[in-house]
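Student: Sending over upload-v5.cif (mmCIF, C-alpha atoms).
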```cif
data_start
#
loop_
_atom_site.group_PDB
_atom_site.id
_atom_site.type_symbol
_atom_site.label_atom_id
_atom_site.label_comp_id
_atom_site.auth_asym_id
_atom_site.auth_seq_id
_atom_site.Cartn_x
_atom_site.Cartn_y
_atom_site.Cartn_z
ATOM 1 C CA MET A 1 110.215 96.574 172.966
ATOM 2 C CA ALA A 2 106.676 95.318 173.268
ATOM 3 C CA ASP A 3 104.991 94.029 170.174
ATOM 4 C CA THR A 4 103.024 96.659 168.326
ATOM 5 C CA VAL A 5 99.496 95.868 167.349
ATOM 6 C CA ILE A 6 98.329 97.501 164.142
ATOM 7 C CA THR A 7 94.622 97.550 163.504
ATOM 8 C CA GLU A 8 93.334 98.024 160.006
ATOM 9 C CA ILE A 9 89.757 98.957 159.504
ATOM 10 C CA GLY A 10 88.287 98.069 156.104
ATOM 11 C CA THR A 11 86.614 100.880 154.273
ATOM 12 C CA THR A 12 83.652 98.673 153.401
ATOM 13 C CA GLY A 13 82.885 97.733 156.985
ATOM 14 C CA ALA A 14 82.481 94.086 155.982
ATOM 15 C CA SER A 15 85.104 92.904 158.452
ATOM 16 C CA ASP A 16 87.713 94.167 160.882
ATOM 17 C CA THR A 17 91.304 93.040 160.216
ATOM 18 C CA SER A 18 94.016 93.213 162.877
ATOM 19 C CA ARG A 19 97.570 91.887 163.021
ATOM 20 C CA SER A 20 98.898 90.109 166.053
ATOM 21 C CA GLY A 21 102.480 90.285 167.239
ATOM 22 C CA ALA A 22 103.276 87.291 165.007
ATOM 23 C CA GLY A 23 102.086 89.247 161.997
ATOM 24 C CA ARG A 24 99.133 86.987 161.251
ATOM 25 C CA PRO A 25 95.906 88.782 160.219
ATOM 26 C CA VAL A 26 92.842 88.204 162.354
ATOM 27 C CA HIS A 27 89.492 88.677 160.613
ATOM 28 C CA ARG A 28 86.549 89.765 162.674
ATOM 29 C CA PRO A 29 83.255 89.476 160.784
ATOM 30 C CA ALA A 30 81.028 92.506 160.980
ATOM 31 C CA ARG A 31 77.767 92.188 162.822
ATOM 32 C CA ARG A 32 74.669 91.911 160.685
ATOM 33 C CA ARG A 33 72.029 94.465 161.440
ATOM 34 C CA VAL A 34 68.503 93.154 161.631
ATOM 35 C CA PRO A 35 66.274 95.153 159.250
ATOM 36 C CA VAL A 36 63.707 97.391 160.906
ATOM 37 C CA GLY A 37 60.944 95.736 158.892
ATOM 38 C CA THR A 38 61.845 92.337 160.329
ATOM 39 C CA VAL A 39 61.801 93.697 163.881
ATOM 40 C CA VAL A 40 58.373 95.256 163.306
ATOM 41 C CA ALA A 41 57.108 91.989 161.773
ATOM 42 C CA VAL A 42 58.263 89.988 164.792
ATOM 43 C CA LEU A 43 56.601 92.478 167.147
ATOM 44 C CA VAL A 44 53.314 92.322 165.228
ATOM 45 C CA LEU A 45 53.305 88.515 165.264
ATOM 46 C CA ALA A 46 54.262 88.485 168.956
ATOM 47 C CA VAL A 47 51.337 90.761 169.835
ATOM 48 C CA VAL A 48 48.908 88.648 167.826
ATOM 49 C CA LEU A 49 50.240 85.487 169.473
ATOM 50 C CA ALA A 50 49.752 87.106 172.881
ATOM 51 C CA TRP A 51 46.159 87.907 171.897
ATOM 52 C CA ALA A 52 45.578 84.243 171.159
ATOM 53 C CA ILE A 53 47.216 83.002 174.375
ATOM 54 C CA ALA A 54 45.864 85.492 176.898
ATOM 55 C CA PRO A 55 43.115 87.699 175.432
ATOM 56 C CA ALA A 56 41.957 88.752 178.915
ATOM 57 C CA LEU A 57 45.193 90.711 179.371
ATOM 58 C CA PHE A 58 44.263 93.046 176.510
ATOM 59 C CA THR A 59 40.538 93.546 176.987
ATOM 60 C CA THR A 60 37.976 92.970 179.703
ATOM 61 C CA ALA A 61 34.941 93.441 177.471
ATOM 62 C CA ASN A 62 32.708 90.477 176.704
ATOM 63 C CA PRO A 63 33.000 89.663 172.976
ATOM 64 C CA LEU A 64 29.603 87.934 172.893
ATOM 65 C CA VAL A 65 27.395 90.368 174.834
ATOM 66 C CA GLY A 66 26.499 93.761 173.440
ATOM 67 C CA ASP A 67 24.799 96.946 174.596
ATOM 68 C CA GLY A 68 22.160 98.326 172.279
ATOM 69 C CA ALA A 69 22.744 101.820 173.646
ATOM 70 C CA VAL A 70 26.199 101.964 172.041
ATOM 71 C CA SER A 71 25.340 100.241 168.770
ATOM 72 C CA ARG A 72 27.631 101.204 165.847
ATOM 73 C CA GLN A 73 29.662 103.576 167.987
ATOM 74 C CA ALA A 74 32.785 104.957 166.327
ATOM 75 C CA PRO A 75 36.256 104.125 167.711
ATOM 76 C CA SER A 76 36.920 105.865 171.019
ATOM 77 C CA SER A 77 38.952 105.467 174.202
ATOM 78 C CA ALA A 78 36.244 103.223 175.625
ATOM 79 C CA HIS A 79 35.998 101.144 172.452
ATOM 80 C CA PRO A 80 39.305 101.347 170.469
ATOM 81 C CA PHE A 81 37.813 99.590 167.423
ATOM 82 C CA GLY A 82 34.283 100.886 167.956
ATOM 83 C CA THR A 83 31.204 98.672 168.342
ATOM 84 C CA ASP A 84 29.194 96.550 165.915
ATOM 85 C CA VAL A 85 25.484 96.639 165.089
ATOM 86 C CA LEU A 86 24.656 94.773 168.323
ATOM 87 C CA GLY A 87 26.772 97.051 170.494
ATOM 88 C CA ARG A 88 29.541 94.504 171.067
ATOM 89 C CA ASP A 89 33.071 95.795 171.564
ATOM 90 C CA LEU A 90 34.839 95.182 168.251
ATOM 91 C CA PHE A 91 38.350 95.180 169.701
ATOM 92 C CA ALA A 92 37.330 92.457 172.155
ATOM 93 C CA ARG A 93 35.880 90.404 169.298
ATOM 94 C CA VAL A 94 39.070 90.794 167.231
ATOM 95 C CA VAL A 95 41.270 89.802 170.182
ATOM 96 C CA HIS A 96 39.123 86.824 171.191
ATOM 97 C CA GLY A 97 38.748 85.763 167.574
ATOM 98 C CA THR A 98 42.523 85.545 167.177
ATOM 99 C CA ARG A 99 42.757 82.134 168.829
ATOM 100 C CA ALA A 100 40.296 80.510 166.438
ATOM 101 C CA SER A 101 41.988 82.079 163.410
ATOM 102 C CA LEU A 102 45.503 81.079 164.463
ATOM 103 C CA GLN A 103 44.448 77.563 165.478
ATOM 104 C CA ALA A 104 42.874 77.040 162.076
ATOM 105 C CA THR A 105 46.008 78.410 160.402
ATOM 106 C CA ALA A 106 48.250 76.101 162.445
ATOM 107 C CA ILE A 107 46.126 73.071 161.508
ATOM 108 C CA ALA A 108 46.222 74.057 157.838
ATOM 109 C CA ILE A 109 50.013 74.469 157.872
ATOM 110 C CA ALA A 110 50.454 71.157 159.713
ATOM 111 C CA VAL A 111 48.277 69.293 157.200
ATOM 112 C CA ALA A 112 50.117 70.839 154.252
ATOM 113 C CA PHE A 113 53.544 70.245 155.831
ATOM 114 C CA VAL A 114 53.011 66.582 156.733
ATOM 115 C CA ALA A 115 51.288 65.595 153.495
ATOM 116 C CA SER A 116 53.775 67.435 151.283
ATOM 117 C CA THR A 117 56.735 66.000 153.213
ATOM 118 C CA VAL A 118 55.548 62.473 152.476
ATOM 119 C CA ILE A 119 54.796 63.237 148.822
ATOM 120 C CA GLY A 120 57.999 65.219 148.200
ATOM 121 C CA LEU A 121 60.272 62.685 149.909
ATOM 122 C CA VAL A 122 58.779 59.670 148.171
ATOM 123 C CA SER A 123 58.644 61.374 144.795
ATOM 124 C CA GLY A 124 62.195 62.737 144.886
ATOM 125 C CA PHE A 125 63.871 59.753 146.549
ATOM 126 C CA VAL A 126 62.122 56.823 144.872
ATOM 127 C CA GLY A 127 61.650 58.351 141.428
ATOM 128 C CA GLY A 128 60.444 56.275 138.487
ATOM 129 C CA TRP A 129 56.772 55.774 137.728
ATOM 130 C CA LEU A 130 55.767 56.720 141.264
ATOM 131 C CA ASP A 131 57.391 60.113 140.841
ATOM 132 C CA GLU A 132 55.548 60.592 137.549
ATOM 133 C CA VAL A 133 52.158 59.720 139.052
ATOM 134 C CA LEU A 134 52.602 61.910 142.144
ATOM 135 C CA MET A 135 53.881 64.891 140.173
ATOM 136 C CA ARG A 136 51.031 64.695 137.669
ATOM 137 C CA ILE A 137 48.593 64.842 140.577
ATOM 138 C CA VAL A 138 50.497 67.819 141.965
ATOM 139 C CA ASP A 139 50.393 69.494 138.538
ATOM 140 C CA ILE A 140 46.620 69.109 138.436
ATOM 141 C CA MET A 141 46.338 70.687 141.890
ATOM 142 C CA LEU A 142 48.601 73.554 140.838
ATOM 143 C CA ALA A 143 46.447 74.178 137.777
ATOM 144 C CA VAL A 144 43.423 74.857 140.001
ATOM 145 C CA PRO A 145 43.469 77.894 142.342
ATOM 146 C CA SER A 146 44.115 76.688 145.890
ATOM 147 C CA LEU A 147 41.184 78.690 147.255
ATOM 148 C CA LEU A 148 38.842 76.930 144.835
ATOM 149 C CA VAL A 149 40.225 73.542 145.936
ATOM 150 C CA SER A 150 39.664 74.553 149.567
ATOM 151 C CA LEU A 151 36.133 75.719 148.791
ATOM 152 C CA LEU A 152 35.267 72.414 147.111
ATOM 153 C CA LEU A 153 36.709 70.419 150.030
ATOM 154 C CA VAL A 154 35.000 72.413 152.763
ATOM 155 C CA THR A 155 31.714 72.057 150.899
ATOM 156 C CA ALA A 156 32.193 68.293 150.968
ATOM 157 C CA LEU A 157 33.454 68.152 154.568
ATOM 158 C CA GLY A 158 30.904 70.519 156.040
ATOM 159 C CA PHE A 159 31.029 73.772 157.955
ATOM 160 C CA GLY A 160 33.308 74.398 160.943
ATOM 161 C CA THR A 161 36.704 75.877 161.714
ATOM 162 C CA THR A 162 38.494 72.506 161.702
ATOM 163 C CA ASN A 163 37.052 71.525 158.332
ATOM 164 C CA VAL A 164 38.032 74.910 156.910
ATOM 165 C CA ALA A 165 41.589 74.416 158.203
ATOM 166 C CA ILE A 166 41.869 70.926 156.705
ATOM 167 C CA ALA A 167 40.536 72.146 153.370
ATOM 168 C CA VAL A 168 43.021 75.037 153.258
ATOM 169 C CA GLY A 169 45.854 72.676 154.227
ATOM 170 C CA VAL A 170 45.035 70.218 151.445
ATOM 171 C CA GLY A 171 44.834 73.094 148.982
ATOM 172 C CA SER A 172 48.408 74.092 149.915
ATOM 173 C CA VAL A 173 49.986 70.638 149.560
ATOM 174 C CA ALA A 174 50.994 71.058 145.910
ATOM 175 C CA ALA A 175 53.303 74.042 146.422
ATOM 176 C CA PHE A 176 55.046 72.433 149.403
ATOM 177 C CA SER A 177 55.496 69.137 147.563
ATOM 178 C CA ARG A 178 57.159 70.747 144.553
ATOM 179 C CA VAL A 179 59.690 72.625 146.670
ATOM 180 C CA LEU A 180 60.548 69.633 148.836
ATOM 181 C CA ARG A 181 60.904 67.303 145.838
ATOM 182 C CA ALA A 182 63.358 69.721 144.240
ATOM 183 C CA GLU A 183 65.419 69.807 147.423
ATOM 184 C CA VAL A 184 65.376 66.014 147.729
ATOM 185 C CA LEU A 185 66.633 65.678 144.155
ATOM 186 C CA ARG A 186 69.451 68.103 144.964
ATOM 187 C CA VAL A 187 70.460 66.376 148.209
ATOM 188 C CA ARG A 188 70.023 62.897 146.695
ATOM 189 C CA THR A 189 73.235 63.251 144.682
ATOM 190 C CA ALA A 190 75.337 64.727 147.505
ATOM 191 C CA ALA A 191 78.585 62.968 148.416
ATOM 192 C CA TYR A 192 77.540 62.127 151.972
ATOM 193 C CA VAL A 193 74.345 60.467 150.723
ATOM 194 C CA GLU A 194 76.258 58.382 148.199
ATOM 195 C CA ALA A 195 78.779 57.495 150.911
ATOM 196 C CA ALA A 196 75.991 56.342 153.225
ATOM 197 C CA GLU A 197 74.490 54.204 150.469
ATOM 198 C CA GLY A 198 77.895 52.800 149.558
ATOM 199 C CA GLY A 199 78.495 51.943 153.201
ATOM 200 C CA GLY A 200 75.495 49.643 153.210
ATOM 201 C CA ALA A 201 73.038 51.870 155.083
ATOM 202 C CA ARG A 202 69.387 50.910 154.737
ATOM 203 C CA TRP A 203 67.360 53.109 152.411
ATOM 204 C CA TRP A 204 65.126 54.410 155.192
ATOM 205 C CA ASP A 205 68.198 55.358 157.245
ATOM 206 C CA VAL A 206 69.572 57.271 154.290
ATOM 207 C CA LEU A 207 66.220 58.945 153.756
ATOM 208 C CA LEU A 208 65.542 59.945 157.362
ATOM 209 C CA ARG A 209 69.073 60.633 158.614
ATOM 210 C CA HIS A 210 70.745 62.179 155.587
ATOM 211 C CA VAL A 211 68.211 63.355 153.006
ATOM 212 C CA LEU A 212 65.333 64.694 155.109
ATOM 213 C CA PRO A 213 67.339 66.913 157.538
ATOM 214 C CA HIS A 214 69.118 68.670 154.660
ATOM 215 C CA ALA A 215 66.094 68.944 152.373
ATOM 216 C CA ILE A 216 63.614 70.209 154.957
ATOM 217 C CA THR A 217 65.396 73.493 155.775
ATOM 218 C CA PRO A 218 64.181 75.495 152.742
ATOM 219 C CA ILE A 219 60.599 74.579 153.639
ATOM 220 C CA LEU A 220 60.809 76.743 156.766
ATOM 221 C CA ALA A 221 60.797 79.947 154.722
ATOM 222 C CA LEU A 222 57.871 78.603 152.706
ATOM 223 C CA VAL A 223 56.021 77.773 155.940
ATOM 224 C CA ALA A 224 56.310 81.400 157.068
ATOM 225 C CA LEU A 225 55.094 82.584 153.672
ATOM 226 C CA GLU A 226 52.286 80.033 153.614
ATOM 227 C CA PHE A 227 51.244 81.189 157.092
ATOM 228 C CA GLY A 228 50.071 84.488 155.651
ATOM 229 C CA THR A 229 48.440 82.787 152.671
ATOM 230 C CA ALA A 230 46.609 80.377 154.974
ATOM 231 C CA ILE A 231 45.298 83.241 157.112
ATOM 232 C CA LEU A 232 43.895 84.907 153.996
ATOM 233 C CA ALA A 233 42.327 81.668 152.751
ATOM 234 C CA ILE A 234 40.755 80.854 156.121
ATOM 235 C CA ALA A 235 39.487 84.414 156.510
ATOM 236 C CA SER A 236 38.008 84.217 153.001
ATOM 237 C CA LEU A 237 36.147 80.999 153.765
ATOM 238 C CA ASN A 238 34.980 82.409 157.105
ATOM 239 C CA PHE A 239 33.818 85.520 155.251
ATOM 240 C CA LEU A 240 31.673 83.255 153.071
ATOM 241 C CA GLY A 241 30.172 81.692 156.183
ATOM 242 C CA TYR A 242 31.983 78.333 156.307
ATOM 243 C CA GLY A 243 33.832 78.930 159.577
ATOM 244 C CA SER A 244 32.767 79.446 163.176
ATOM 245 C CA GLU A 245 29.060 79.689 163.863
ATOM 246 C CA PRO A 246 27.799 83.001 165.282
ATOM 247 C CA PRO A 247 28.204 84.538 167.765
ATOM 248 C CA ALA A 248 31.731 83.058 168.053
ATOM 249 C CA PRO A 249 34.148 85.627 166.597
ATOM 250 C CA ASP A 250 36.718 84.970 163.883
ATOM 251 C CA TRP A 251 38.544 87.449 161.684
ATOM 252 C CA GLY A 252 36.849 86.596 158.403
ATOM 253 C CA GLY A 253 33.418 86.623 159.998
ATOM 254 C CA LEU A 254 34.099 90.016 161.585
ATOM 255 C CA VAL A 255 34.901 91.485 158.179
ATOM 256 C CA ALA A 256 31.692 89.987 156.809
ATOM 257 C CA ASP A 257 29.605 91.433 159.665
ATOM 258 C CA GLY A 258 30.140 94.993 158.502
ATOM 259 C CA ARG A 259 30.061 94.598 154.733
ATOM 260 C CA ASN A 260 26.592 96.162 154.586
ATOM 261 C CA GLN A 261 27.528 98.968 156.991
ATOM 262 C CA LEU A 262 30.485 100.511 155.166
ATOM 263 C CA ALA A 263 28.676 103.788 154.467
ATOM 264 C CA THR A 264 27.640 104.401 158.081
ATOM 265 C CA ALA A 265 30.002 102.244 160.177
ATOM 266 C CA TRP A 266 33.180 101.703 158.173
ATOM 267 C CA TRP A 267 35.199 100.531 161.188
ATOM 268 C CA ILE A 268 33.258 97.263 161.571
ATOM 269 C CA THR A 269 34.855 95.879 158.419
ATOM 270 C CA THR A 270 37.929 98.078 158.003
ATOM 271 C CA LEU A 271 39.667 97.581 161.352
ATOM 272 C CA PRO A 272 39.461 93.759 161.467
ATOM 273 C CA GLY A 273 40.544 93.787 157.827
ATOM 274 C CA LEU A 274 43.583 95.918 158.682
ATOM 275 C CA VAL A 275 44.535 93.444 161.412
ATOM 276 C CA ILE A 276 44.477 90.627 158.838
ATOM 277 C CA VAL A 277 46.570 92.715 156.433
ATOM 278 C CA ALA A 278 49.119 93.535 159.152
ATOM 279 C CA VAL A 279 49.535 89.879 160.128
ATOM 280 C CA VAL A 280 49.876 88.714 156.509
ATOM 281 C CA VAL A 281 52.444 91.419 155.684
ATOM 282 C CA ALA A 282 54.387 90.587 158.872
ATOM 283 C CA ALA A 283 54.423 86.884 158.004
ATOM 284 C CA ASN A 284 55.651 87.637 154.477
ATOM 285 C CA GLN A 285 58.385 89.923 155.802
ATOM 286 C CA LEU A 286 59.527 87.238 158.241
ATOM 287 C CA SER A 287 59.551 84.709 155.407
ATOM 288 C CA ARG A 288 61.835 86.942 153.329
ATOM 289 C CA ALA A 289 64.132 87.433 156.321
ATOM 290 C CA ILE A 290 64.414 83.661 156.851
ATOM 291 C CA GLY A 291 65.066 83.100 153.161
ATOM 292 C CA ALA A 292 67.761 85.806 153.081
ATOM 293 C CA ARG A 293 69.683 84.172 155.927
ATOM 294 C CA ARG A 294 69.860 80.749 154.252
#
```
Would you give me this structure, written as structure tokens?

Tutor:
Amino acid sequence: MADTVITEIGTTGASDTSRSGAGRPVHRPARRRVPVGTVVAVLVLAVVLAWAIAPALFTTANPLVGDGAVSRQAPSSAHPFGTDVLGRDLFARVVHGTRASLQATAIAIAVAFVASTVIGLVSGFVGGWLDEVLMRIVDIMLAVPSLLVSLLLVTALGFGTTNVAIAVGVGSVAAFSRVLRAEVLRVRTAAYVEAAEGGGARWWDVLLRHVLPHAITPILALVALEFGTAILAIASLNFLGYGSEPPAPDWGGLVADGRNQLATAWWITTLPGLVIVAVVVAANQLSRAIGARR
């Protein structure tokens, strides 16, 4: 008689258990469903990234040239986000301003990531008085709001999108450094690290080949979270007038353009502001999804 296969389905749905002809159970892990919020967040970020890469695919309007005849026109099929006080298509300005905003955010994240990696690695791996000095500096930076640090730096560096990005990146170094140092301290005592040291490996080999790869992973979730924070900080500084010079569009500047028109032309400020909110919420949702899968 042929072997009989008996399949048992768990009531919890966590895994499927079947028995082969030899009687050995075979566990089949259940598939994880991706939350709807994560899917929406990825779609939002993908659309925004497409705006930055190929804005001409989404709008043919000139973001710099306006038509006085359609000044402060409400959202319509011809102008999805309406027009500003100079008659420029607001949707075109939001789309074309995406590249500058995302480039500045990328620079800020890169500055924060590189600087905090150096500080966190050295502080956690070397220890001693150097750790004390570096962490006291980090504590001072954490005691001051990061936006205020960025504002002081951009005032010293001067106006411009790149200077704004560098200032925001420096203001974010403290949080990154703390997290990475904690991970380095955890990995530093792992068995494979002690084995590498006991085997005579050079300290920089231990640091780069064993400590860094295992300590850097948790920073990825923080990078996604900091992405949204950096967008808000850069938009805030652009709102104050430290970013791109007019008429070049950027998200913070677009919100500032309509702050005196809220009573008669609410869309000039509201719609670019909603785009910023959507991107920040999407970045935070993606950060939580990455953290949950660790």

Student: Near A:Ala174, counting all atoms listed in the file, which residues have an atom at most 7 Å away, once you skip same-chain residues fewer than 3 positions from it, shown as a ChimeraX atom specification?

Tutor: /A:138,141-142,177-178

Student: Atom CA of A:Leu148 and atom CA of A:Phe113 are how many Å apart?

Tutor: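 Separation between atom CA of A:Leu148 and atom CA of A:Phe113: 19.5 Å.
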
Student: I would like the residues chosen by the PyMOL selection byres ((chain A and resi 213-229) around 7) on the shown file; could you give them as a list in words?

Tutor: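 Going through the file, the PyMOL selection byres ((chain A and resi 213-229) around 7) ends up selecting Thr105, Ile109, Leu180, Glu183, Val184, Val187, Arg209, His210, Val211, Leu212, Ala230, Ile231, Leu232, Ala233, Val280, Ala283, Asn284, Leu286, Ser287, Ile290 and Gly291 of chain A.
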
Student: Nearest to A:Leu49: which of A:Arg288, A:Arg202, A:His96, A:Arg188 is it, counting all atoms listed in the file?

Tutor: A:His96

Student: Do you know which residues the PyMOL selection byres ((chain A and resi 267) around 9) returns on this file, as a ChimeraX atom specification?

Tutor: /A:72,74-75,81-84,90,258,261-262,265-266,268-272

Student: Residue by residue, what does the PyMOL selection byres ((chain A and resi 279) around 8) grab here? Present the result as a VMD selection string.

Tutor: chain A and resid 44 to 45 48 228 275 to 278 280 to 283

Student: From the list A:Thr162, A:Tyr192, A:Leu185, A:Pro246, which residue is nearest A:Val122 when using all atoms listed in the file?

Tutor: A:Leu185

Student: Would you compute the distance between atom CA of A:Gln103 and atom CA of A:Phe58? Give it in Å to one decimal.

Tutor: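 A separation of 19.0 Å between them.
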
Student: Could you check how far atom CA of A:Leu153 sits from atom CA of A:Phe125, in Å to one decimal?

Tutor: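 Taking atom CA of A:Leu153 and atom CA of A:Phe125, their separation equals 29.4 Å.
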
Student: Which one of A:Asn238, A:Asn62, A:Asn260, A:Thr155 sits closest to A:Val85 if you count only C-alpha atoms?

Tutor: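 Looking only at the distances to A:Val85, the closest residue turns out to be A:Asn260.
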
Student: Tell me which of A:Leu254, A:Leu64, A:Val42, A:Ala69 sits closest to A:Thr98, counting all atoms listed in the file.

Tutor: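 Going through A:Leu254, A:Leu64, A:Val42, A:Ala69 one by one, the smallest distance to A:Thr98 is for A:Leu254.
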
Student: Would you please work out which residue, of A:Gly158, A:Gly241, A:Gly97, A:Pro35, is nearest to A:Ala52 when using all atoms listed in the file?

Tutor: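 Once distances to A:Ala52 are computed over all atoms listed in the file, the minimum belongs to A:Gly97.
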
Student: Excluding A:Ala92 and residues on its chain fewer than 3 positions from it, collect all residues at most 8 Å away from it, counting all atoms listed in the file, and give them as a list in words.

Tutor: Thr59, Thr60, Ala61, Asn62, Pro63, Asp89, Val95 and His96 of chain A

Student: Looking at A:Ala256, A:Ala78, A:Val206, A:Ile234, which one is nearest to A:Ser146, with distances taken over only C-alpha atoms?

Tutor: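 Closest to A:Ser146, using only C-alpha atoms: A:Ile234.
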
Student: Tell me which protein, DNA and RNA residues are within 12 Å of A:Gly243, counting all atoms listed in the file, leaving out same-chain ones fewer than 5 positions away, and put them as a ChimeraX atom specification.

Tutor: /A:97,100-101,104,151,154-155,157-168,233-238,248-254,256

Student: Would you put the residues from that selection into a file with C-alpha atoms, as a PDB file, in the coordinates of the input?

Tutor:
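Once written, out.pdb looks like this:
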```pdb
ATOM      1  CA  GLY A  97      38.748  85.763 167.574  1.00  0.00           C
ATOM      2  CA  ALA A 100      40.296  80.510 166.438  1.00  0.00           C
ATOM      3  CA  SER A 101      41.988  82.079 163.410  1.00  0.00           C
ATOM      4  CA  ALA A 104      42.874  77.040 162.076  1.00  0.00           C
ATOM      5  CA  LEU A 151      36.133  75.719 148.791  1.00  0.00           C
ATOM      6  CA  VAL A 154      35.000  72.413 152.763  1.00  0.00           C
ATOM      7  CA  THR A 155      31.714  72.057 150.899  1.00  0.00           C
ATOM      8  CA  LEU A 157      33.454  68.152 154.568  1.00  0.00           C
ATOM      9  CA  GLY A 158      30.904  70.519 156.040  1.00  0.00           C
ATOM     10  CA  PHE A 159      31.029  73.772 157.955  1.00  0.00           C
ATOM     11  CA  GLY A 160      33.308  74.398 160.943  1.00  0.00           C
ATOM     12  CA  THR A 161      36.704  75.877 161.714  1.00  0.00           C
ATOM     13  CA  THR A 162      38.494  72.506 161.702  1.00  0.00           C
ATOM     14  CA  ASN A 163      37.052  71.525 158.332  1.00  0.00           C
ATOM     15  CA  VAL A 164      38.032  74.910 156.910  1.00  0.00           C
ATOM     16  CA  ALA A 165      41.589  74.416 158.203  1.00  0.00           C
ATOM     17  CA  ILE A 166      41.869  70.926 156.705  1.00  0.00           C
ATOM     18  CA  ALA A 167      40.536  72.146 153.370  1.00  0.00           C
ATOM     19  CA  VAL A 168      43.021  75.037 153.258  1.00  0.00           C
ATOM     20  CA  ALA A 233      42.327  81.668 152.751  1.00  0.00           C
ATOM     21  CA  ILE A 234      40.755  80.854 156.121  1.00  0.00           C
ATOM     22  CA  ALA A 235      39.487  84.414 156.510  1.00  0.00           C
ATOM     23  CA  SER A 236      38.008  84.217 153.001  1.00  0.00           C
ATOM     24  CA  LEU A 237      36.147  80.999 153.765  1.00  0.00           C
ATOM     25  CA  ASN A 238      34.980  82.409 157.105  1.00  0.00           C
ATOM     26  CA  ALA A 248      31.731  83.058 168.053  1.00  0.00           C
ATOM     27  CA  PRO A 249      34.148  85.627 166.597  1.00  0.00           C
ATOM     28  CA  ASP A 250      36.718  84.970 163.883  1.00  0.00           C
ATOM     29  CA  TRP A 251      38.544  87.449 161.684  1.00  0.00           C
ATOM     30  CA  GLY A 252      36.849  86.596 158.403  1.00  0.00           C
ATOM     31  CA  GLY A 253      33.418  86.623 159.998  1.00  0.00           C
ATOM     32  CA  LEU A 254      34.099  90.016 161.585  1.00  0.00           C
ATOM     33  CA  ALA A 256      31.692  89.987 156.809  1.00  0.00           C
TER      34      ALA A 256
END
```

Student: Got a minute to add all heavy atoms to stretch 163-167 of chain A and dump it as a PDB file, in the frame of the given file?

Tutor:
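Contents of the output file result.pdb:
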```
ATOM      1  N   ASN A 163      37.211  71.930 159.732  1.00  0.00           N
ATOM      2  CA  ASN A 163      37.052  71.525 158.332  1.00  0.00           C
ATOM      3  C   ASN A 163      37.628  72.573 157.379  1.00  0.00           C
ATOM      4  O   ASN A 163      38.224  72.229 156.346  1.00  0.00           O
ATOM      5  CB  ASN A 163      35.583  71.286 158.019  1.00  0.00           C
ATOM      6  CG  ASN A 163      35.033  70.046 158.707  1.00  0.00           C
ATOM      7  OD1 ASN A 163      35.787  69.164 159.099  1.00  0.00           O
ATOM      8  ND2 ASN A 163      33.728  69.976 158.856  1.00  0.00           N
ATOM      9  N   VAL A 164      37.445  73.839 157.717  1.00  0.00           N
ATOM     10  CA  VAL A 164      38.032  74.910 156.910  1.00  0.00           C
ATOM     11  C   VAL A 164      39.551  74.800 156.917  1.00  0.00           C
ATOM     12  O   VAL A 164      40.209  74.923 155.874  1.00  0.00           O
ATOM     13  CB  VAL A 164      37.584  76.290 157.443  1.00  0.00           C
ATOM     14  CG1 VAL A 164      38.443  77.399 156.850  1.00  0.00           C
ATOM     15  CG2 VAL A 164      36.118  76.529 157.112  1.00  0.00           C
ATOM     16  N   ALA A 165      40.133  74.532 158.091  1.00  0.00           N
ATOM     17  CA  ALA A 165      41.589  74.416 158.203  1.00  0.00           C
ATOM     18  C   ALA A 165      42.118  73.237 157.388  1.00  0.00           C
ATOM     19  O   ALA A 165      43.131  73.357 156.683  1.00  0.00           O
ATOM     20  CB  ALA A 165      41.986  74.263 159.663  1.00  0.00           C
ATOM     21  N   ILE A 166      41.439  72.096 157.473  1.00  0.00           N
ATOM     22  CA  ILE A 166      41.869  70.926 156.705  1.00  0.00           C
ATOM     23  C   ILE A 166      41.786  71.207 155.213  1.00  0.00           C
ATOM     24  O   ILE A 166      42.694  70.850 154.434  1.00  0.00           O
ATOM     25  CB  ILE A 166      41.025  69.700 157.081  1.00  0.00           C
ATOM     26  CG1 ILE A 166      41.296  69.295 158.536  1.00  0.00           C
ATOM     27  CG2 ILE A 166      41.311  68.533 156.144  1.00  0.00           C
ATOM     28  CD1 ILE A 166      40.386  68.196 159.049  1.00  0.00           C
ATOM     29  N   ALA A 167      40.709  71.840 154.793  1.00  0.00           N
ATOM     30  CA  ALA A 167      40.536  72.146 153.370  1.00  0.00           C
ATOM     31  C   ALA A 167      41.634  73.080 152.867  1.00  0.00           C
ATOM     32  O   ALA A 167      42.198  72.878 151.784  1.00  0.00           O
ATOM     33  CB  ALA A 167      39.158  72.765 153.140  1.00  0.00           C
TER      34      ALA A 167
END
```
